[in-house]
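Chemist: Here it is, the structure, as structure tokens.
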Amino acid sequence: MRVCARDCKAMGISVFIIDQERTFADALSNWLEAEENVDAVLAVHRQAPAASVIMASRASVLLLDADLSQNAATHLCRELAGRPGAPRIVLLSYSAEPERITAAVRAGAAGWVSKDESLEHLLGVIRRVAAGETWLPPAELGDVLRLLLAEQEQRREGDRLMAALTPREREVLTCLAEGAGRREVARQLHLSANTVRTHMQNILAKLGVHSTLEAVALTRPELDQAEDEGPR
């Protein structure tokens, strides 16, 4: 792997390529190198490299194979999102399902391009993304926006429901979401089994559901967000 600093070409765009198809990645790298003010930093792996390796390259744009195994591309997007100096990410794939694009946008991707598109088109997306823009396939844009708006509405409803719970009820619900049974919840929170039962009954009533599984499914995004923000 060859690493080049961001300023290796004056006012240029440094591109880090991660793709499991070596032939595709090599051809793309060679083509980008021939373009004015573009430098390609090539890395081909069956699995994505650590985020620290990508950060060390000081690349402006990361071209990332969206079809890496075990959702590696999405995980890497989340790792890099929000880091100072992190590259803007464009995912490459032969498919363009709105659900996958939406998940990529949520994870922090700035673009999605089909591998069937022309190299000139990809170069245009690279330049736009490097300039701070976001680019998604026009044919899928409407569906992606609808999915994002639906998730936003679901999140607002989840926030409203969670606000109705007491701090202790939220703790009980979090333990349940982590797979703990009633006795385990009681042990973790130093409560009696009867107290846990009462909290569970109150949670179901406030959320308007009839089972613990429904309660967890309804509030999962809010529980995940709370976990990301720190220990309860």
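Convention: chains lettered A, B, ... in structure tokens order; per-chain residue numbering from 1; ligands numbered from 1 as shown.
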From a DSSP calculation on the backbone, collect every residue of range 51-147 of chain A in alpha helix (DSSP H) and output the set as number ranges by chain.

Modeler: A: 51-57, 72-80, 98-107, 119-130, 138-147

Chemist: Go through range 71-157 of chain A and flag each residue having an atom no more than 8 Å from range 29-50 of chain A; for those, report the closest pair of atoms plus their distance in Å to one decimal, using only C-alpha atoms, ordered by chain and rising number, as a tab-separated table.

Modeler:
residue	atom	partner	partner_atom	distance
A:Ala72	CA	A:Ala48	CA	6.5
A:Ala73	CA	A:Ala48	CA	7.3
A:Leu76	CA	A:Ala48	CA	7.5
A:Leu123	CA	A:Leu32	CA	7.9

Chemist: Report as a PyMOL selection string: the residues of range 33-188 of chain A with a DSSP assignment of strand (DSSP E or B), based on the backbone of this structure.

Modeler: chain A and resi 38-43+61-65+88-93+111-114+135

Chemist: Would you give me, as CSV, each residue of range 85-177 of chain A having an atom within 7 Å of an atom of range 77-81 of chain A, along with its shortest atom pair and that distance in Å to one decimal, using only C-alpha atoms and sorting by chain and residue number?

Modeler:
residue,atom,partner,partner_atom,distance
A:Ala86,CA,A:Leu80,CA,6.1
A:Ala107,CA,A:Arg78,CA,5.0
A:Gly108,CA,A:Ala81,CA,5.4
A:Ala109,CA,A:Cys77,CA,6.3

Chemist: Take the residues from that selection and put them in a file with N, CA and C atoms, as a short mmCIF file (atom, residue, chain, number, x, y, z; two decimals), in the first residue's frame.

Modeler:
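File produced: selection16.cif:
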data_model
loop_
_atom_site.label_atom_id
_atom_site.label_comp_id
_atom_site.auth_asym_id
_atom_site.auth_seq_id
_atom_site.Cartn_x
_atom_site.Cartn_y
_atom_site.Cartn_z
N ALA A 86 -11.21 13.29 8.68
CA ALA A 86 -11.59 12.03 8.04
C ALA A 86 -11.99 12.27 6.59
N ALA A 107 -24.96 6.09 8.29
CA ALA A 107 -23.65 5.75 8.84
C ALA A 107 -22.60 6.82 8.58
N GLY A 108 -22.91 7.78 7.69
CA GLY A 108 -21.98 8.87 7.44
C GLY A 108 -21.44 8.98 6.03
N ALA A 109 -21.92 8.13 5.11
CA ALA A 109 -21.45 8.20 3.72
C ALA A 109 -21.95 9.48 3.05
#

Chemist: Any idea what the distance is between CA of Ser211 in chain A and CA of Arg183 in chain A?

Modeler: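 One can read the CA of Ser211 in chain A to CA of Arg183 in chain A distance as 16.9 Å.
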
Chemist: For Ile126 in chain A, which residue out of A:Ser52, A:Ser57, A:Ser14, A:Thr166 is the nearest one, using only C-alpha atoms?

Modeler: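 Smallest distance to Ile126 in chain A is found for A:Ser14.
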
Chemist: Between CA of Gly111 in chain A and CA of Val129 in chain A, measure the distance and give it in Å to one decimal.

Modeler: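 Spanning CA of Gly111 in chain A to CA of Val129 in chain A is a straight-line distance of 7.1 Å.
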
Chemist: May I ask which of the residues A:Gln188, A:Thr219, A:Thr102, A:Gln201 is the closest one to Leu136 in chain A, counting only C-alpha atoms?

Modeler: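 Selected residue with least distance to Leu136 in chain A: A:Thr102.
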
Chemist: Can you tell me which residues surround range 171-176 of chain A at a distance of at most 8 Å, considering only C-alpha atoms, apart from same-chain residues fewer than 6 positions away, and format the answer as a VMD selection string?

Modeler: chain A and resid 182 185 189 196 199 to 200 203 212 215 to 216 223 232

Chemist: Considering only C-alpha atoms, state which residue in the set A:Arg22, A:Arg100, A:Arg197, A:His210 is at the smallest distance from Glu140 in chain A.

Modeler: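 Checking each candidate against Glu140 in chain A, we get A:Arg100 as the closest.
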